[in-house]
Amino acid sequence: MNDYKYFTQEGNRFHLKTKMSTAVLRVFACLAIGVALYCIIPPEKKIGLWAALLFVFFALVNLLKTTKRLVIDTQSKTITHKNNIISGEAIYRFEDFVQFYVLTGKYLFITLDSTAFFIFDQDGKEKRVPIIVGLFSSKTAQNAINEISDIMDIEEK
């Protein structure tokens, strides 16, 4: 049994780990910024209320991110993906898998973030399924892809 950094194993099923502590920290940071903006900006300027509401929205989005579910079942050869608690669950088969894709966002030669995706071919349509997001480097995305390749037993060509 391998010890994976991004996945926990339960029999033949591999679950993507969530960083709950990081998400909770981001939620509290967004709420604190929202409260600070509301308190600092005078009430006669309505921008304080709108800025506070914007950061409350960011807090809720961060909270939703903690409900992402990605399960790789090596016995049934399926990948189950649920982006958050609001979205529906989708099941993909290993045989529909085409490749991995890493989308990197850069600004002035500095990598800001990178997102790893599965690419599936479902009835002739390309379907991108997000796996993991890494900040300031594509190393996190690449390491997650390496683990998934090992789990799915994909050989490099």
# chains A, B, ... in the order shown; residues from 1 in each chain; ligands from 1
$ residues_around --residues "A:Ile119" --least-positions-apart "2" --cutoff "8 Å" --atoms "only C-alpha atoms" --output "PDB file with all heavy atoms, in the first residue's frame"
ATOM      1  N   PHE A  97     -10.913   8.169 -20.425  1.00  0.00           N
ATOM      2  CA  PHE A  97      -9.819   9.088 -20.112  1.00  0.00           C
ATOM      3  C   PHE A  97      -8.928   9.271 -21.340  1.00  0.00           C
ATOM      4  O   PHE A  97      -8.533   8.316 -21.991  1.00  0.00           O
ATOM      5  CB  PHE A  97      -9.001   8.536 -18.935  1.00  0.00           C
ATOM      6  CG  PHE A  97      -7.750   9.323 -18.656  1.00  0.00           C
ATOM      7  CD1 PHE A  97      -7.808  10.556 -18.040  1.00  0.00           C
ATOM      8  CD2 PHE A  97      -6.513   8.828 -19.040  1.00  0.00           C
ATOM      9  CE1 PHE A  97      -6.666  11.278 -17.787  1.00  0.00           C
ATOM     10  CE2 PHE A  97      -5.360   9.539 -18.791  1.00  0.00           C
ATOM     11  CZ  PHE A  97      -5.431  10.769 -18.168  1.00  0.00           C
ATOM     12  N   VAL A  98      -8.600  10.535 -21.645  1.00  0.00           N
ATOM     13  CA  VAL A  98      -7.751  10.853 -22.791  1.00  0.00           C
ATOM     14  C   VAL A  98      -6.368  11.275 -22.314  1.00  0.00           C
ATOM     15  O   VAL A  98      -5.361  10.720 -22.747  1.00  0.00           O
ATOM     16  CB  VAL A  98      -8.384  11.977 -23.656  1.00  0.00           C
ATOM     17  CG1 VAL A  98      -7.468  12.369 -24.794  1.00  0.00           C
ATOM     18  CG2 VAL A  98      -9.743  11.554 -24.157  1.00  0.00           C
ATOM     19  N   GLN A  99      -6.325  12.285 -21.435  1.00  0.00           N
ATOM     20  CA  GLN A  99      -5.044  12.808 -20.962  1.00  0.00           C
ATOM     21  C   GLN A  99      -5.256  13.715 -19.757  1.00  0.00           C
ATOM     22  O   GLN A  99      -6.376  14.009 -19.384  1.00  0.00           O
ATOM     23  CB  GLN A  99      -4.340  13.599 -22.059  1.00  0.00           C
ATOM     24  CG  GLN A  99      -5.061  14.896 -22.418  1.00  0.00           C
ATOM     25  CD  GLN A  99      -4.369  15.642 -23.531  1.00  0.00           C
ATOM     26  OE1 GLN A  99      -3.443  15.174 -24.144  1.00  0.00           O
ATOM     27  NE2 GLN A  99      -4.848  16.847 -23.793  1.00  0.00           N
ATOM     28  N   PHE A 100      -4.149  14.142 -19.182  1.00  0.00           N
ATOM     29  CA  PHE A 100      -4.174  15.164 -18.143  1.00  0.00           C
ATOM     30  C   PHE A 100      -3.853  16.500 -18.802  1.00  0.00           C
ATOM     31  O   PHE A 100      -3.225  16.555 -19.853  1.00  0.00           O
ATOM     32  CB  PHE A 100      -3.127  14.894 -17.061  1.00  0.00           C
ATOM     33  CG  PHE A 100      -3.397  13.660 -16.255  1.00  0.00           C
ATOM     34  CD1 PHE A 100      -2.647  12.516 -16.438  1.00  0.00           C
ATOM     35  CD2 PHE A 100      -4.405  13.652 -15.310  1.00  0.00           C
ATOM     36  CE1 PHE A 100      -2.891  11.386 -15.691  1.00  0.00           C
ATOM     37  CE2 PHE A 100      -4.656  12.526 -14.557  1.00  0.00           C
ATOM     38  CZ  PHE A 100      -3.898  11.386 -14.749  1.00  0.00           C
ATOM     39  N   TYR A 101      -4.291  17.568 -18.153  1.00  0.00           N
ATOM     40  CA  TYR A 101      -4.042  18.909 -18.673  1.00  0.00           C
ATOM     41  C   TYR A 101      -3.759  19.813 -17.481  1.00  0.00           C
ATOM     42  O   TYR A 101      -4.463  19.748 -16.471  1.00  0.00           O
ATOM     43  CB  TYR A 101      -5.274  19.387 -19.446  1.00  0.00           C
ATOM     44  CG  TYR A 101      -5.203  20.793 -19.962  1.00  0.00           C
ATOM     45  CD1 TYR A 101      -4.378  21.124 -21.039  1.00  0.00           C
ATOM     46  CD2 TYR A 101      -5.960  21.809 -19.390  1.00  0.00           C
ATOM     47  CE1 TYR A 101      -4.323  22.422 -21.511  1.00  0.00           C
ATOM     48  CE2 TYR A 101      -5.903  23.106 -19.863  1.00  0.00           C
ATOM     49  CZ  TYR A 101      -5.082  23.399 -20.929  1.00  0.00           C
ATOM     50  OH  TYR A 101      -5.023  24.681 -21.395  1.00  0.00           O
ATOM     51  N   PHE A 117      -6.268  19.045 -14.580  1.00  0.00           N
ATOM     52  CA  PHE A 117      -7.556  18.540 -15.055  1.00  0.00           C
ATOM     53  C   PHE A 117      -7.396  17.129 -15.611  1.00  0.00           C
ATOM     54  O   PHE A 117      -6.349  16.782 -16.154  1.00  0.00           O
ATOM     55  CB  PHE A 117      -8.085  19.397 -16.222  1.00  0.00           C
ATOM     56  CG  PHE A 117      -8.493  20.780 -15.868  1.00  0.00           C
ATOM     57  CD1 PHE A 117      -7.593  21.824 -15.954  1.00  0.00           C
ATOM     58  CD2 PHE A 117      -9.787  21.056 -15.458  1.00  0.00           C
ATOM     59  CE1 PHE A 117      -7.963  23.115 -15.645  1.00  0.00           C
ATOM     60  CE2 PHE A 117     -10.171  22.358 -15.154  1.00  0.00           C
ATOM     61  CZ  PHE A 117      -9.252  23.388 -15.246  1.00  0.00           C
ATOM     62  N   ASP A 121     -13.229  11.861 -22.944  1.00  0.00           N
ATOM     63  CA  ASP A 121     -13.975  11.920 -24.196  1.00  0.00           C
ATOM     64  C   ASP A 121     -15.292  11.206 -23.957  1.00  0.00           C
ATOM     65  O   ASP A 121     -15.336   9.980 -23.874  1.00  0.00           O
ATOM     66  CB  ASP A 121     -13.196  11.239 -25.312  1.00  0.00           C
ATOM     67  CG  ASP A 121     -13.928  11.280 -26.640  1.00  0.00           C
ATOM     68  OD1 ASP A 121     -14.913  12.020 -26.762  1.00  0.00           O
ATOM     69  OD2 ASP A 121     -13.510  10.554 -27.566  1.00  0.00           O
ATOM     70  N   GLU A 126     -15.335  16.715 -25.435  1.00  0.00           N
ATOM     71  CA  GLU A 126     -14.273  16.813 -24.441  1.00  0.00           C
ATOM     72  C   GLU A 126     -14.842  17.326 -23.128  1.00  0.00           C
ATOM     73  O   GLU A 126     -15.541  18.319 -23.087  1.00  0.00           O
ATOM     74  CB  GLU A 126     -13.182  17.765 -24.936  1.00  0.00           C
ATOM     75  CG  GLU A 126     -12.030  17.894 -23.970  1.00  0.00           C
ATOM     76  CD  GLU A 126     -10.988  18.885 -24.444  1.00  0.00           C
ATOM     77  OE1 GLU A 126     -10.204  18.517 -25.343  1.00  0.00           O
ATOM     78  OE2 GLU A 126     -10.986  20.014 -23.926  1.00  0.00           O
ATOM     79  N   LYS A 127     -14.547  16.619 -22.046  1.00  0.00           N
ATOM     80  CA  LYS A 127     -15.010  17.013 -20.714  1.00  0.00           C
ATOM     81  C   LYS A 127     -13.784  17.205 -19.833  1.00  0.00           C
ATOM     82  O   LYS A 127     -12.973  16.309 -19.667  1.00  0.00           O
ATOM     83  CB  LYS A 127     -15.910  15.911 -20.147  1.00  0.00           C
ATOM     84  CG  LYS A 127     -16.471  16.201 -18.805  1.00  0.00           C
ATOM     85  CD  LYS A 127     -17.489  17.309 -18.864  1.00  0.00           C
ATOM     86  CE  LYS A 127     -18.072  17.489 -17.464  1.00  0.00           C
ATOM     87  NZ  LYS A 127     -18.875  18.639 -17.335  1.00  0.00           N
ATOM     88  N   ARG A 128     -13.629  18.420 -19.268  1.00  0.00           N
ATOM     89  CA  ARG A 128     -12.526  18.729 -18.353  1.00  0.00           C
ATOM     90  C   ARG A 128     -13.028  18.635 -16.914  1.00  0.00           C
ATOM     91  O   ARG A 128     -13.990  19.283 -16.556  1.00  0.00           O
ATOM     92  CB  ARG A 128     -11.983  20.132 -18.595  1.00  0.00           C
ATOM     93  CG  ARG A 128     -11.252  20.268 -19.892  1.00  0.00           C
ATOM     94  CD  ARG A 128     -10.662  21.640 -20.021  1.00  0.00           C
ATOM     95  NE  ARG A 128     -10.035  21.772 -21.328  1.00  0.00           N
ATOM     96  CZ  ARG A 128      -9.359  22.826 -21.707  1.00  0.00           C
ATOM     97  NH1 ARG A 128      -9.215  23.844 -20.885  1.00  0.00           N
ATOM     98  NH2 ARG A 128      -8.828  22.868 -22.903  1.00  0.00           N
ATOM     99  N   VAL A 129     -12.330  17.835 -16.134  1.00  0.00           N
ATOM    100  CA  VAL A 129     -12.693  17.649 -14.731  1.00  0.00           C
ATOM    101  C   VAL A 129     -11.535  18.141 -13.876  1.00  0.00           C
ATOM    102  O   VAL A 129     -10.440  17.597 -13.937  1.00  0.00           O
ATOM    103  CB  VAL A 129     -12.999  16.164 -14.431  1.00  0.00           C
ATOM    104  CG1 VAL A 129     -13.327  15.964 -12.967  1.00  0.00           C
ATOM    105  CG2 VAL A 129     -14.124  15.663 -15.324  1.00  0.00           C
TER     106      VAL A 129
END
$ residues_around --residues "A:Ala23" --least-positions-apart "6" --cutoff "7 Å" --atoms "only C-alpha atoms" --output "list of chain:residue names"
A:Asn62, A:Leu63, A:Thr66
$ write_last_selection --atoms "N, CA and C atoms" --output "PDB file, in the first residue's frame"
ATOM      1  N   ASN A  62     -15.172  29.986  -0.496  1.00  0.00           N
ATOM      2  CA  ASN A  62     -14.119  29.171   0.119  1.00  0.00           C
ATOM      3  C   ASN A  62     -14.710  28.010   0.914  1.00  0.00           C
ATOM      4  N   LEU A  63     -15.814  28.247   1.569  1.00  0.00           N
ATOM      5  CA  LEU A  63     -16.477  27.185   2.318  1.00  0.00           C
ATOM      6  C   LEU A  63     -17.002  26.104   1.369  1.00  0.00           C
ATOM      7  N   THR A  66     -14.513  23.377   0.187  1.00  0.00           N
ATOM      8  CA  THR A  66     -14.172  22.269   1.089  1.00  0.00           C
ATOM      9  C   THR A  66     -15.058  21.050   0.858  1.00  0.00           C
TER      10      THR A  66
END
$ closest_residue --among "A:Val27, A:Ile85, A:Ala36, A:Tyr92" --to "A:Leu60" --atoms "only C-alpha atoms"
A:Val27
$ select_by_dssp --residues "chain A" --states "helix (DSSP H, G or I)" --output "count of residues only"
57
$ residues_around --residues "stretch 141-156 of chain A" --least-positions-apart "3" --cutoff "10 Å" --atoms "only C-alpha atoms" --output "PyMOL selection string"
chain A and resi 2-7+9+12-14+16+72-74+77-79+94+100-104+113-118+131-135+137-138
$ select_by_dssp --residues "chain A" --states "strand (DSSP E)" --output "ChimeraX atom specification"
/A:7-10,13-16,69-73,78-82,90-93,97-107,110-122,125-135
